[in-house]
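Trainee: Please find start.csv (CSV, C-alpha atoms (C1' of nucleotides)) on the next line:
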```
chain,number,residue,atom,x,y,z
A,6,MET,CA,24.3,25.0,25.7
A,7,ASP,CA,24.8,22.0,28.0
A,8,MET,CA,22.0,20.5,26.0
A,9,LYS,CA,24.3,20.4,23.0
A,10,LEU,CA,27.0,18.5,24.9
A,11,LYS,CA,24.5,15.9,26.0
A,12,GLN,CA,23.3,15.5,22.4
A,13,GLN,CA,26.8,15.2,21.0
A,14,ALA,CA,27.9,12.8,23.7
A,15,SER,CA,24.9,10.6,23.0
A,16,ALA,CA,25.6,10.5,19.2
A,17,ILE,CA,29.3,9.8,19.8
A,18,THR,CA,28.4,7.1,22.3
A,19,GLU,CA,26.3,5.3,19.7
A,20,LEU,CA,28.8,5.6,16.9
A,21,THR,CA,31.7,4.5,18.9
A,22,PHE,CA,29.7,1.5,20.1
A,23,ASP,CA,29.0,0.5,16.5
A,24,LEU,CA,32.5,1.1,15.4
A,25,LEU,CA,33.8,-1.1,18.1
A,26,ARG,CA,31.6,-4.0,17.1
A,27,CYS,CA,32.7,-3.7,13.5
A,28,CYS,CA,36.4,-3.4,14.3
A,29,GLU,CA,36.3,-6.4,16.6
A,30,ALA,CA,34.8,-8.4,13.7
A,31,LYS,CA,37.5,-7.1,11.4
A,32,GLU,CA,40.3,-8.0,13.9
A,33,LYS,CA,38.8,-11.5,14.3
A,34,MET,CA,38.7,-12.1,10.6
A,35,PHE,CA,42.2,-10.8,10.1
A,36,ALA,CA,43.7,-12.8,12.9
A,37,LYS,CA,42.0,-16.0,11.7
A,38,ASP,CA,43.2,-15.4,8.1
A,39,HIS,CA,46.7,-15.3,9.5
A,40,GLY,CA,46.4,-18.4,11.6
A,41,LEU,CA,46.6,-16.4,14.8
A,42,LYS,CA,44.4,-16.1,17.8
A,43,VAL,CA,43.0,-12.6,18.3
A,44,ALA,CA,44.9,-12.1,21.5
A,45,GLU,CA,48.1,-13.2,19.8
A,46,PHE,CA,47.6,-10.8,16.9
A,47,ARG,CA,46.9,-8.0,19.3
A,48,CYS,CA,50.0,-8.7,21.3
A,49,LEU,CA,52.2,-9.1,18.2
A,50,ARG,CA,50.9,-5.8,16.9
A,51,ILE,CA,52.4,-3.8,19.7
A,52,VAL,CA,55.8,-5.4,20.0
A,53,GLU,CA,58.5,-3.7,18.0
A,54,ALA,CA,61.5,-5.5,16.5
A,55,GLY,CA,64.6,-5.1,18.5
A,56,LYS,CA,62.9,-3.9,21.7
A,57,THR,CA,62.4,-6.0,24.8
A,58,TYR,CA,59.3,-5.9,27.0
A,59,SER,CA,58.4,-7.1,30.5
A,60,VAL,CA,55.2,-9.1,31.0
A,61,GLN,CA,53.8,-6.1,32.9
A,62,GLU,CA,54.6,-3.6,30.2
A,63,LEU,CA,52.7,-5.7,27.7
A,64,ALA,CA,49.9,-6.3,30.1
A,65,THR,CA,49.3,-2.6,30.9
A,66,SER,CA,49.6,-1.6,27.3
A,67,MET,CA,47.1,-4.2,26.3
A,68,HIS,CA,44.8,-3.4,29.2
A,69,LEU,CA,45.0,-7.1,30.4
A,70,SER,CA,46.2,-8.8,33.5
A,71,PRO,CA,49.8,-10.1,33.8
A,72,SER,CA,48.6,-13.7,34.2
A,73,ARG,CA,46.6,-13.4,30.9
A,74,LEU,CA,49.8,-12.1,29.2
A,75,THR,CA,51.8,-15.1,30.5
A,76,ARG,CA,49.4,-17.3,28.6
A,77,ILE,CA,49.5,-15.3,25.5
A,78,ILE,CA,53.2,-15.2,25.5
A,79,ASP,CA,53.3,-19.0,26.1
A,80,GLY,CA,51.4,-19.4,22.9
A,81,LEU,CA,53.7,-17.1,20.9
A,82,PHE,CA,56.7,-18.7,22.4
A,83,ALA,CA,55.4,-22.2,21.4
A,84,GLU,CA,55.2,-20.9,17.9
A,85,LYS,CA,58.7,-19.5,18.1
A,86,LEU,CA,57.5,-16.0,17.4
A,87,VAL,CA,58.9,-14.5,20.6
A,88,ASP,CA,61.9,-15.2,22.9
A,89,ARG,CA,61.5,-15.1,26.7
A,90,VAL,CA,64.7,-14.7,28.7
A,91,GLN,CA,65.2,-13.8,32.3
A,92,SER,CA,66.6,-10.3,32.8
A,93,ILE,CA,70.2,-10.4,34.2
A,94,GLU,CA,69.9,-7.1,36.0
A,95,ASP,CA,66.8,-8.2,37.9
A,96,ARG,CA,66.0,-11.8,37.5
A,97,ARG,CA,62.3,-11.3,38.4
A,98,PHE,CA,61.8,-9.7,35.1
A,99,ALA,CA,61.2,-11.5,31.9
A,100,LYS,CA,62.5,-10.0,28.7
A,101,ILE,CA,60.2,-10.6,25.8
A,102,SER,CA,61.4,-9.9,22.3
A,103,LEU,CA,60.6,-11.0,18.8
A,104,THR,CA,62.5,-13.8,17.2
A,105,ASN,CA,63.6,-13.5,13.6
A,106,LYS,CA,60.5,-15.5,12.6
A,107,GLY,CA,58.5,-13.1,14.8
A,108,GLN,CA,59.9,-10.1,13.2
A,109,THR,CA,59.1,-11.3,9.7
A,110,MET,CA,55.6,-12.2,10.9
A,111,VAL,CA,55.0,-8.8,12.5
A,112,GLY,CA,56.3,-7.0,9.5
A,113,LYS,CA,53.9,-8.9,7.3
A,114,LEU,CA,51.1,-8.4,9.8
A,115,LYS,CA,51.5,-4.6,10.0
A,116,GLU,CA,51.9,-4.3,6.3
A,117,GLU,CA,48.8,-6.3,5.5
A,118,TYR,CA,46.7,-4.8,8.2
A,119,ALA,CA,47.5,-1.3,7.0
A,120,ASP,CA,46.7,-2.5,3.5
A,121,LEU,CA,43.3,-3.7,4.6
A,122,HIS,CA,42.6,-0.2,5.9
A,123,GLY,CA,44.1,1.3,2.8
A,124,GLU,CA,41.6,-0.8,0.9
A,125,MET,CA,38.8,0.7,2.9
A,126,LEU,CA,40.1,4.2,2.7
A,127,LYS,CA,41.1,4.3,-1.0
A,128,ASP,CA,37.7,5.5,-2.2
A,129,ILE,CA,37.4,8.6,0.0
A,130,SER,CA,39.2,11.9,-0.4
A,131,SER,CA,42.4,12.6,1.3
A,132,GLU,CA,40.7,15.3,3.3
A,133,ASP,CA,38.2,12.8,4.6
A,134,ARG,CA,41.0,10.5,5.7
A,135,ASP,CA,42.5,13.4,7.6
A,136,LYS,CA,39.1,14.0,9.2
A,137,ILE,CA,39.0,10.3,10.3
A,138,TYR,CA,42.5,10.6,11.7
A,139,ASP,CA,41.7,13.8,13.6
A,140,GLY,CA,38.5,12.6,14.9
A,141,ILE,CA,39.8,9.2,16.1
A,142,SER,CA,42.9,10.8,17.5
A,143,LEU,CA,40.9,13.2,19.6
A,144,MET,CA,38.6,10.5,20.8
A,145,GLN,CA,41.5,8.1,21.6
A,146,GLY,CA,43.2,10.8,23.7
A,147,LEU,CA,40.0,11.4,25.6
A,148,VAL,CA,39.3,7.8,26.3
A,149,SER,CA,42.8,6.8,27.3
A,150,GLY,CA,43.0,9.9,29.5
A,151,TRP,CA,39.7,9.0,31.1
A,152,LEU,CA,40.9,5.4,31.7
A,153,LEU,CA,44.0,6.7,33.5
A,154,ARG,CA,42.0,8.8,35.8
A,155,ASN,CA,39.4,6.1,36.5
A,156,VAL,CA,41.9,3.3,37.0
B,145,MET,CA,50.3,10.3,-4.1
B,146,ASP,CA,49.5,6.7,-3.4
B,147,MET,CA,52.2,7.1,-0.8
B,148,LYS,CA,50.0,9.4,1.1
B,149,LEU,CA,47.1,6.9,1.3
B,150,LYS,CA,49.5,4.3,2.6
B,151,GLN,CA,50.7,6.6,5.3
B,152,GLN,CA,47.3,7.8,6.3
B,153,ALA,CA,46.1,4.2,6.4
B,154,SER,CA,48.9,3.2,8.6
B,155,ALA,CA,48.3,6.0,11.1
B,156,ILE,CA,44.6,5.3,11.2
B,157,THR,CA,45.2,1.6,11.7
B,158,GLU,CA,47.3,2.3,14.7
B,159,LEU,CA,44.9,4.8,16.2
B,160,THR,CA,41.9,2.7,15.7
B,161,PHE,CA,43.7,-0.2,17.3
B,162,ASP,CA,44.4,1.8,20.4
B,163,LEU,CA,41.0,3.3,20.6
B,164,LEU,CA,39.5,-0.2,20.4
B,165,ARG,CA,41.5,-1.4,23.4
B,166,CYS,CA,40.6,1.6,25.5
B,167,CYS,CA,36.9,1.4,24.6
B,168,GLU,CA,36.8,-2.3,25.5
B,169,ALA,CA,38.3,-1.5,28.9
B,170,LYS,CA,35.7,1.2,29.3
B,171,GLU,CA,32.8,-1.0,28.4
B,172,LYS,CA,34.1,-3.7,30.7
B,173,MET,CA,34.3,-1.3,33.6
B,174,PHE,CA,30.9,0.2,32.9
B,175,ALA,CA,29.2,-3.2,32.6
B,176,LYS,CA,30.7,-4.4,35.8
B,177,ASP,CA,29.7,-1.3,37.7
B,178,HIS,CA,26.1,-2.0,36.6
B,179,GLY,CA,26.2,-5.7,37.6
B,180,LEU,CA,26.0,-6.9,34.0
B,181,LYS,CA,28.2,-9.1,31.9
B,182,VAL,CA,29.7,-7.2,29.0
B,183,ALA,CA,27.8,-9.3,26.5
B,184,GLU,CA,24.6,-8.5,28.3
B,185,PHE,CA,25.3,-4.8,28.4
B,186,ARG,CA,26.1,-4.8,24.7
B,187,CYS,CA,22.9,-6.6,24.0
B,188,LEU,CA,20.7,-4.4,26.1
B,189,ARG,CA,22.2,-1.4,24.5
B,190,ILE,CA,20.8,-2.2,21.1
B,191,VAL,CA,17.2,-3.2,22.0
B,192,GLU,CA,14.7,-0.4,22.0
B,193,ALA,CA,11.7,-0.3,24.3
B,194,GLY,CA,8.5,-1.5,22.7
B,195,LYS,CA,10.1,-3.2,19.8
B,196,THR,CA,10.5,-6.9,19.4
B,197,TYR,CA,13.4,-8.7,17.9
B,198,SER,CA,14.2,-12.2,16.6
B,199,VAL,CA,17.3,-14.0,17.8
B,200,GLN,CA,18.8,-13.6,14.4
B,201,GLU,CA,18.2,-9.9,14.2
B,202,LEU,CA,20.1,-9.4,17.4
B,203,ALA,CA,22.8,-11.8,16.4
B,204,THR,CA,23.5,-10.0,13.1
B,205,SER,CA,23.4,-6.6,14.6
B,206,MET,CA,25.8,-7.7,17.3
B,207,HIS,CA,28.0,-9.6,14.9
B,208,LEU,CA,27.6,-12.8,16.8
B,209,SER,CA,26.2,-16.3,16.1
B,210,PRO,CA,22.6,-17.1,16.9
B,211,SER,CA,23.6,-19.7,19.4
B,212,ARG,CA,25.6,-17.2,21.3
B,213,LEU,CA,22.6,-14.9,21.4
B,214,THR,CA,20.4,-17.6,22.8
B,215,ARG,CA,22.7,-17.8,25.7
B,216,ILE,CA,22.9,-14.1,26.2
B,217,ILE,CA,19.1,-13.9,26.1
B,218,ASP,CA,18.9,-16.8,28.6
B,219,GLY,CA,20.9,-14.6,31.0
B,220,LEU,CA,18.8,-11.5,30.5
B,221,PHE,CA,15.6,-13.6,30.7
B,222,ALA,CA,16.7,-15.1,34.0
B,223,GLU,CA,17.2,-11.6,35.4
B,224,LYS,CA,13.7,-10.8,34.1
B,225,LEU,CA,15.1,-8.0,31.9
B,226,VAL,CA,13.7,-9.4,28.6
B,227,ASP,CA,10.6,-11.4,27.6
B,228,ARG,CA,10.9,-14.2,25.1
B,229,VAL,CA,7.7,-15.4,23.4
B,230,GLN,CA,7.1,-17.5,20.4
B,231,SER,CA,5.8,-15.6,17.4
B,232,ILE,CA,2.2,-16.5,16.6
B,233,GLU,CA,2.6,-15.7,12.9
B,234,ASP,CA,5.5,-18.0,12.5
B,235,ARG,CA,6.2,-20.1,15.5
B,236,ARG,CA,9.8,-20.7,14.5
B,237,PHE,CA,10.6,-17.1,15.5
B,238,ALA,CA,11.2,-15.9,19.0
B,239,LYS,CA,10.0,-12.4,19.9
B,240,ILE,CA,12.4,-10.8,22.3
B,241,SER,CA,11.4,-7.6,24.0
B,242,LEU,CA,12.2,-5.6,27.1
B,243,THR,CA,10.2,-6.1,30.3
B,244,ASN,CA,9.3,-3.1,32.3
B,245,LYS,CA,12.3,-3.8,34.5
B,246,GLY,CA,14.4,-4.1,31.3
B,247,GLN,CA,13.1,-0.8,30.0
B,248,THR,CA,14.0,1.0,33.2
B,249,MET,CA,17.4,-0.7,33.2
B,250,VAL,CA,18.1,0.2,29.5
B,251,GLY,CA,17.0,3.8,30.1
B,252,LYS,CA,19.4,4.1,33.0
B,253,LEU,CA,22.2,2.4,31.1
B,254,LYS,CA,21.9,4.6,28.0
B,255,GLU,CA,21.6,7.7,30.1
B,256,GLU,CA,24.6,6.9,32.3
B,257,TYR,CA,26.7,5.6,29.4
B,258,ALA,CA,26.1,8.9,27.5
B,259,ASP,CA,26.9,10.8,30.7
B,260,LEU,CA,30.2,9.0,30.9
B,261,HIS,CA,31.1,10.1,27.4
B,262,GLY,CA,29.8,13.6,28.3
B,263,GLU,CA,32.2,13.6,31.1
B,264,MET,CA,35.1,12.8,28.8
B,265,LEU,CA,33.9,15.4,26.2
B,266,LYS,CA,33.1,18.3,28.4
B,267,ASP,CA,36.5,19.8,28.4
B,268,ILE,CA,36.9,20.1,24.7
B,269,SER,CA,35.3,22.5,22.3
B,270,SER,CA,32.0,21.9,20.6
B,271,GLU,CA,33.9,22.0,17.3
B,272,ASP,CA,36.2,19.3,18.4
B,273,ARG,CA,33.3,17.2,19.4
B,274,ASP,CA,31.9,17.6,16.0
B,275,LYS,CA,35.2,16.6,14.6
B,276,ILE,CA,35.1,13.4,16.6
B,277,TYR,CA,31.6,12.7,15.4
B,278,ASP,CA,32.5,13.3,11.8
B,279,GLY,CA,35.7,11.3,11.9
B,280,ILE,CA,34.2,8.3,13.7
B,281,SER,CA,31.1,8.4,11.6
B,282,LEU,CA,33.1,8.2,8.4
B,283,MET,CA,35.2,5.4,9.8
B,284,GLN,CA,32.2,3.5,11.0
B,285,GLY,CA,30.7,3.7,7.6
B,286,LEU,CA,33.8,2.4,5.9
B,287,VAL,CA,34.3,-0.5,8.3
B,288,SER,CA,30.8,-1.6,8.3
B,289,GLY,CA,30.7,-1.4,4.5
B,290,TRP,CA,33.8,-3.4,4.2
B,291,LEU,CA,32.4,-6.0,6.5
B,292,LEU,CA,29.4,-6.4,4.4
B,293,ARG,CA,31.5,-6.9,1.3
B,294,ASN,CA,33.8,-9.3,3.0
B,295,VAL,CA,31.2,-11.4,4.8
C,297,DA,C1',-1.8,-35.2,1.5
C,298,DC,C1',2.6,-36.5,2.3
C,299,DT,C1',7.3,-36.3,1.7
C,300,DT,C1',11.2,-33.3,1.3
C,301,DA,C1',13.6,-29.2,1.8
C,302,DT,C1',14.3,-24.7,4.4
C,303,DT,C1',14.4,-21.8,8.2
C,304,DC,C1',14.8,-20.3,13.1
C,305,DT,C1',16.2,-21.5,17.6
C,306,DT,C1',18.2,-24.3,21.0
C,307,DT,C1',21.4,-27.7,23.0
C,308,DG,C1',25.8,-30.1,23.7
C,309,DC,C1',30.4,-29.6,23.2
C,310,DT,C1',34.6,-27.2,22.8
C,311,DA,C1',37.9,-23.5,22.4
C,312,DA,C1',39.5,-19.0,23.4
C,313,DA,C1',39.8,-15.0,26.4
C,314,DG,C1',40.4,-13.3,30.8
C,315,DG,C1',40.8,-12.6,35.9
C,316,DC,C1',41.9,-13.7,40.9
C,317,DA,C1',44.5,-15.6,44.4
C,318,DA,C1',48.2,-18.2,45.9
C,319,DA,C1',52.9,-19.8,44.9
C,320,DA,C1',57.6,-19.2,43.3
C,321,DA,C1',61.5,-16.6,42.6
C,322,DT,C1',64.1,-12.7,43.2
C,323,DA,C1',65.3,-8.2,45.2
C,324,DC,C1',65.4,-4.8,48.8
C,325,DT,C1',65.6,-3.1,53.8
C,326,DG,C1',66.2,-2.8,58.6
D,53,DC,C1',69.3,-12.8,58.4
D,54,DA,C1',64.2,-12.1,58.7
D,55,DG,C1',60.7,-9.8,56.7
D,56,DT,C1',58.7,-7.2,53.0
D,57,DA,C1',57.9,-6.0,48.3
D,58,DT,C1',57.9,-7.0,43.3
D,59,DT,C1',57.5,-9.8,39.0
D,60,DT,C1',56.0,-13.7,36.9
D,61,DT,C1',53.8,-18.1,36.8
D,62,DT,C1',50.3,-21.7,38.0
D,63,DG,C1',45.8,-23.5,39.3
D,64,DC,C1',41.2,-22.7,39.0
D,65,DC,C1',37.2,-20.6,37.6
D,66,DT,C1',34.1,-17.5,34.7
D,67,DT,C1',32.9,-15.3,30.5
D,68,DT,C1',32.7,-15.1,25.6
D,69,DA,C1',32.0,-17.5,21.4
D,70,DG,C1',31.3,-20.7,17.6
D,71,DC,C1',30.2,-25.2,15.3
D,72,DA,C1',27.4,-29.0,14.5
D,73,DA,C1',23.5,-31.6,15.4
D,74,DA,C1',18.9,-31.7,17.1
D,75,DG,C1',14.1,-29.8,17.5
D,76,DA,C1',10.3,-27.4,15.9
D,77,DA,C1',7.9,-25.2,12.5
D,78,DT,C1',7.0,-23.6,7.8
D,79,DA,C1',7.3,-23.9,2.7
D,80,DA,C1',7.5,-26.5,-1.6
D,81,DG,C1',7.1,-30.3,-4.7
D,82,DT,C1',4.9,-34.0,-6.5
```
Take the structure in this file and express it as structure tokens.
Mentor:
Amino acid sequence: MDMKLKQQASAITELTFDLLRCCEAKEKMFAKDHGLKVAEFRCLRIVEAGKTYSVQELATSMHLSPSRLTRIIDGLFAEKLVDRVQSIEDRRFAKISLTNKGQTMVGKLKEEYADLHGEMLKDISSEDRDKIYDGISLMQGLVSGWLLRNV
Amino acid sequence: MDMKLKQQASAITELTFDLLRCCEAKEKMFAKDHGLKVAEFRCLRIVEAGKTYSVQELATSMHLSPSRLTRIIDGLFAEKLVDRVQSIEDRRFAKISLTNKGQTMVGKLKEEYADLHGEMLKDISSEDRDKIYDGISLMQGLVSGWLLRNV
DNA sequence: ACTTATTCTTTGCTAAAGGCAAAAATACTG
DNA sequence: CAGTATTTTTGCCTTTAGCAAAGAATAAGT
């Protein structure tokens, strides 16, 4: 019965690998079409309107180093998509938030990125879409759990 | 009812995005632990022992440019993991194949990468593993189909 | 046969992505 | 106040990646 696990693991490894390559290509196209660098798109996609974030928060949730985030934010700041102010409570912290322009951009981005996926998903049944959701949700939980345990 | 598609698309978009970040981190860790660059690991993972590949074949299946592949192969060649010979039938083509050392390496890599996933998957039920497989398989098909249509 | 186009790979150059270590700025603690 | 810890930034370097031109070989046209 352990044999079965091994076989399933192997198949999932392969598939996930392929999915990854495709999704990276997809992200790259999408970012380019919207005049953004991939890293900028990825960053914008996780900041919510009205909230503020520290550099570290963004870094950990993007699985990147703080120094890398500083540079990404530099770019977004230069394009006036985010604000960066020093926190008053603890002036070591930066408070990153979306500007109005940034909010509009992010809204459009999320909308259109979801539309792109809607376009892909429109020809399959609602049940299959649920299957995709369930499968990816399970996998995502496993991988992020594993990452937490393995630093 | 179109509402439902939109909602499903949105949820799947979010999840896929998160999964991607995690899997990239996972790949990066794994490659580093094996003394490989990420690009090298990704390349090795798709070449099968005994087969030969042109630069272009590898490039398209990795969703990268031929010139990028030349450099990746340079690295693998320098480490004596792959051979690169000119094809005799058509001397424009390169024939890339695994060396013995490369075959051993790839065998180990595949084995251990599947083990890593086995480790993640071992605590869930076999049915859930099948759900993961089915979900990711569906999604992979959709995304790669979409990529083909959208160049 | 000889010129012209096509195809595959490589090379030179550049940009983007990303990390590490040290520095700068601030906060906390004895 | 001196020393330590934390957060971000800066300098520097590596890795990843593509584009455009060059090289090398084949195919096609006349």
Trainee: Output the coordinates of chain B after least-squares fitting to chain A on all in-order C-alpha pairs, as a CSV table (one decimal) with C-alpha atoms, in the coordinates of the input.
Mentor:
```csv
chain,number,residue,atom,x,y,z
B,145,MET,CA,24.1,25.0,25.6
B,146,ASP,CA,24.7,22.1,27.9
B,147,MET,CA,22.0,20.5,25.9
B,148,LYS,CA,24.3,20.4,23.0
B,149,LEU,CA,27.0,18.5,24.8
B,150,LYS,CA,24.4,16.0,25.9
B,151,GLN,CA,23.3,15.4,22.4
B,152,GLN,CA,26.8,15.3,20.9
B,153,ALA,CA,27.8,12.8,23.6
B,154,SER,CA,24.9,10.6,22.9
B,155,ALA,CA,25.6,10.5,19.2
B,156,ILE,CA,29.2,9.8,19.7
B,157,THR,CA,28.4,7.1,22.2
B,158,GLU,CA,26.3,5.3,19.7
B,159,LEU,CA,28.8,5.7,16.9
B,160,THR,CA,31.7,4.5,18.9
B,161,PHE,CA,29.7,1.5,20.0
B,162,ASP,CA,29.0,0.5,16.5
B,163,LEU,CA,32.5,1.1,15.3
B,164,LEU,CA,33.8,-1.0,18.2
B,165,ARG,CA,31.7,-4.0,17.1
B,166,CYS,CA,32.7,-3.7,13.5
B,167,CYS,CA,36.4,-3.4,14.3
B,168,GLU,CA,36.3,-6.4,16.6
B,169,ALA,CA,34.8,-8.4,13.7
B,170,LYS,CA,37.5,-7.1,11.5
B,171,GLU,CA,40.3,-8.0,13.8
B,172,LYS,CA,38.8,-11.4,14.3
B,173,MET,CA,38.7,-12.1,10.6
B,174,PHE,CA,42.2,-10.8,10.0
B,175,ALA,CA,43.7,-12.8,12.9
B,176,LYS,CA,42.0,-16.0,11.7
B,177,ASP,CA,43.2,-15.5,8.1
B,178,HIS,CA,46.8,-15.3,9.5
B,179,GLY,CA,46.4,-18.4,11.6
B,180,LEU,CA,46.6,-16.4,14.9
B,181,LYS,CA,44.4,-16.1,17.9
B,182,VAL,CA,43.0,-12.6,18.2
B,183,ALA,CA,44.9,-12.2,21.5
B,184,GLU,CA,48.1,-13.2,19.8
B,185,PHE,CA,47.6,-10.8,16.9
B,186,ARG,CA,46.8,-8.0,19.3
B,187,CYS,CA,50.0,-8.8,21.2
B,188,LEU,CA,52.2,-9.1,18.2
B,189,ARG,CA,50.9,-5.8,16.9
B,190,ILE,CA,52.4,-3.8,19.8
B,191,VAL,CA,55.9,-5.3,20.1
B,192,GLU,CA,58.5,-3.7,18.0
B,193,ALA,CA,61.5,-5.5,16.5
B,194,GLY,CA,64.6,-5.2,18.6
B,195,LYS,CA,63.0,-4.0,21.7
B,196,THR,CA,62.4,-6.1,24.7
B,197,TYR,CA,59.4,-5.9,27.0
B,198,SER,CA,58.5,-7.1,30.5
B,199,VAL,CA,55.3,-9.1,31.0
B,200,GLN,CA,53.9,-6.1,32.9
B,201,GLU,CA,54.7,-3.6,30.2
B,202,LEU,CA,52.7,-5.7,27.7
B,203,ALA,CA,49.9,-6.3,30.1
B,204,THR,CA,49.4,-2.6,30.8
B,205,SER,CA,49.6,-1.5,27.2
B,206,MET,CA,47.1,-4.2,26.3
B,207,HIS,CA,44.9,-3.5,29.2
B,208,LEU,CA,45.1,-7.0,30.4
B,209,SER,CA,46.3,-8.8,33.6
B,210,PRO,CA,49.8,-10.1,33.8
B,211,SER,CA,48.6,-13.6,34.2
B,212,ARG,CA,46.7,-13.4,31.0
B,213,LEU,CA,49.9,-12.1,29.2
B,214,THR,CA,51.9,-15.0,30.4
B,215,ARG,CA,49.5,-17.3,28.7
B,216,ILE,CA,49.5,-15.3,25.5
B,217,ILE,CA,53.3,-15.2,25.5
B,218,ASP,CA,53.3,-19.0,26.1
B,219,GLY,CA,51.4,-19.4,22.9
B,220,LEU,CA,53.6,-17.1,20.9
B,221,PHE,CA,56.7,-18.7,22.4
B,222,ALA,CA,55.5,-22.2,21.4
B,223,GLU,CA,55.1,-21.0,17.8
B,224,LYS,CA,58.7,-19.6,18.2
B,225,LEU,CA,57.5,-16.1,17.4
B,226,VAL,CA,58.9,-14.5,20.6
B,227,ASP,CA,61.9,-15.2,22.9
B,228,ARG,CA,61.5,-15.1,26.6
B,229,VAL,CA,64.7,-14.7,28.7
B,230,GLN,CA,65.2,-13.8,32.3
B,231,SER,CA,66.7,-10.4,32.8
B,232,ILE,CA,70.2,-10.5,34.1
B,233,GLU,CA,69.9,-7.2,35.9
B,234,ASP,CA,66.9,-8.2,37.8
B,235,ARG,CA,66.1,-11.8,37.5
B,236,ARG,CA,62.5,-11.2,38.5
B,237,PHE,CA,61.8,-9.6,35.1
B,238,ALA,CA,61.2,-11.5,31.9
B,239,LYS,CA,62.6,-10.0,28.6
B,240,ILE,CA,60.2,-10.7,25.8
B,241,SER,CA,61.4,-10.0,22.3
B,242,LEU,CA,60.6,-11.0,18.7
B,243,THR,CA,62.5,-13.9,17.1
B,244,ASN,CA,63.6,-13.5,13.6
B,245,LYS,CA,60.5,-15.5,12.6
B,246,GLY,CA,58.4,-13.2,14.8
B,247,GLN,CA,59.9,-10.1,13.2
B,248,THR,CA,59.1,-11.4,9.7
B,249,MET,CA,55.6,-12.3,10.9
B,250,VAL,CA,55.0,-8.8,12.6
B,251,GLY,CA,56.3,-7.0,9.5
B,252,LYS,CA,53.8,-8.9,7.3
B,253,LEU,CA,51.0,-8.4,9.8
B,254,LYS,CA,51.5,-4.7,10.1
B,255,GLU,CA,51.9,-4.3,6.4
B,256,GLU,CA,48.8,-6.3,5.5
B,257,TYR,CA,46.7,-4.8,8.3
B,258,ALA,CA,47.5,-1.3,7.0
B,259,ASP,CA,46.8,-2.5,3.5
B,260,LEU,CA,43.4,-3.6,4.6
B,261,HIS,CA,42.6,-0.2,6.0
B,262,GLY,CA,44.1,1.3,2.8
B,263,GLU,CA,41.6,-0.7,0.9
B,264,MET,CA,38.7,0.7,2.9
B,265,LEU,CA,40.1,4.3,2.7
B,266,LYS,CA,41.0,4.4,-0.9
B,267,ASP,CA,37.7,5.6,-2.2
B,268,ILE,CA,37.4,8.6,0.0
B,269,SER,CA,39.2,11.9,-0.3
B,270,SER,CA,42.5,12.6,1.4
B,271,GLU,CA,40.7,15.3,3.4
B,272,ASP,CA,38.2,12.9,4.6
B,273,ARG,CA,41.0,10.6,5.7
B,274,ASP,CA,42.5,13.4,7.6
B,275,LYS,CA,39.1,14.0,9.2
B,276,ILE,CA,39.0,10.4,10.3
B,277,TYR,CA,42.5,10.7,11.8
B,278,ASP,CA,41.7,13.9,13.6
B,279,GLY,CA,38.4,12.7,15.0
B,280,ILE,CA,39.7,9.3,16.1
B,281,SER,CA,42.8,10.8,17.5
B,282,LEU,CA,40.9,13.2,19.7
B,283,MET,CA,38.6,10.4,20.8
B,284,GLN,CA,41.5,8.1,21.6
B,285,GLY,CA,43.1,10.8,23.7
B,286,LEU,CA,39.9,11.4,25.7
B,287,VAL,CA,39.2,7.7,26.3
B,288,SER,CA,42.7,6.9,27.3
B,289,GLY,CA,42.9,9.9,29.6
B,290,TRP,CA,39.7,9.0,31.2
B,291,LEU,CA,40.9,5.5,31.8
B,292,LEU,CA,43.9,6.7,33.5
B,293,ARG,CA,41.8,8.8,35.8
B,294,ASN,CA,39.4,6.1,36.5
B,295,VAL,CA,41.8,3.3,37.0
```
Trainee: State, in Å with one decimal place, the distance from CA of Gly80 (chain A) to CA of Ala44 (chain A).
Mentor: 9.9 Å
Trainee: Please compute the CA of Ser131 (chain A)-CA of Leu164 (chain B) distance, one decimal, in Å.
Mentor: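 Separation between CA of Ser131 (chain A) and CA of Leu164 (chain B): 23.2 Å.
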Trainee: What does the distance from CA of Gln108 (chain A) to CA of Lys148 (chain B) come to in Å, to one decimal?
Mentor: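 Atom-to-atom, CA of Gln108 (chain A) to CA of Lys148 (chain B), that is 25.0 Å.
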Trainee: Which chain D residues are at most 7 Å from chain B (counting only C-alpha atoms (C1' of nucleotides)), as a ChimeraX atom specification?
Mentor: /D:69-70,76-77
Trainee: Export, as a PDB file, keeping the file's coordinate frame, the selected residues with C-alpha atoms (C1' of nucleotides).
Mentor:
```pdb
ATOM      1  C1'  DA D  69      32.000 -17.500  21.400  1.00  0.00           C
ATOM      2  C1'  DG D  70      31.300 -20.700  17.600  1.00  0.00           C
ATOM      3  C1'  DA D  76      10.300 -27.400  15.900  1.00  0.00           C
ATOM      4  C1'  DA D  77       7.900 -25.200  12.500  1.00  0.00           C
TER       5       DA D  77
END
```
Trainee: In terms of the shortest atom-to-atom distance over only C-alpha atoms, which of A:Leu24, A:Val90, A:Ala83, A:Met34 is closest to chain B?
Mentor: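 Using only C-alpha atoms, chain B sits closest to A:Leu24.
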Trainee: Would you list which chain A residues are within 8 Å of chain B using all atoms listed in the file, as a ChimeraX atom specification?
Mentor: /A:10-11,13-18,20-21,23-31,67-68,118-120,122-123,125-127,131,133-145,147-149,151-152
Trainee: Need the axis-aligned box for region 310-324 of chain C with 8 Å each side, so what are the centre and edges in Å to one decimal, as lines of an AutoDock Vina configuration file?
Mentor:
```
center_x = 50.0
center_y = -16.0
center_z = 35.6
size_x = 46.8
size_y = 38.4
size_z = 42.4
```
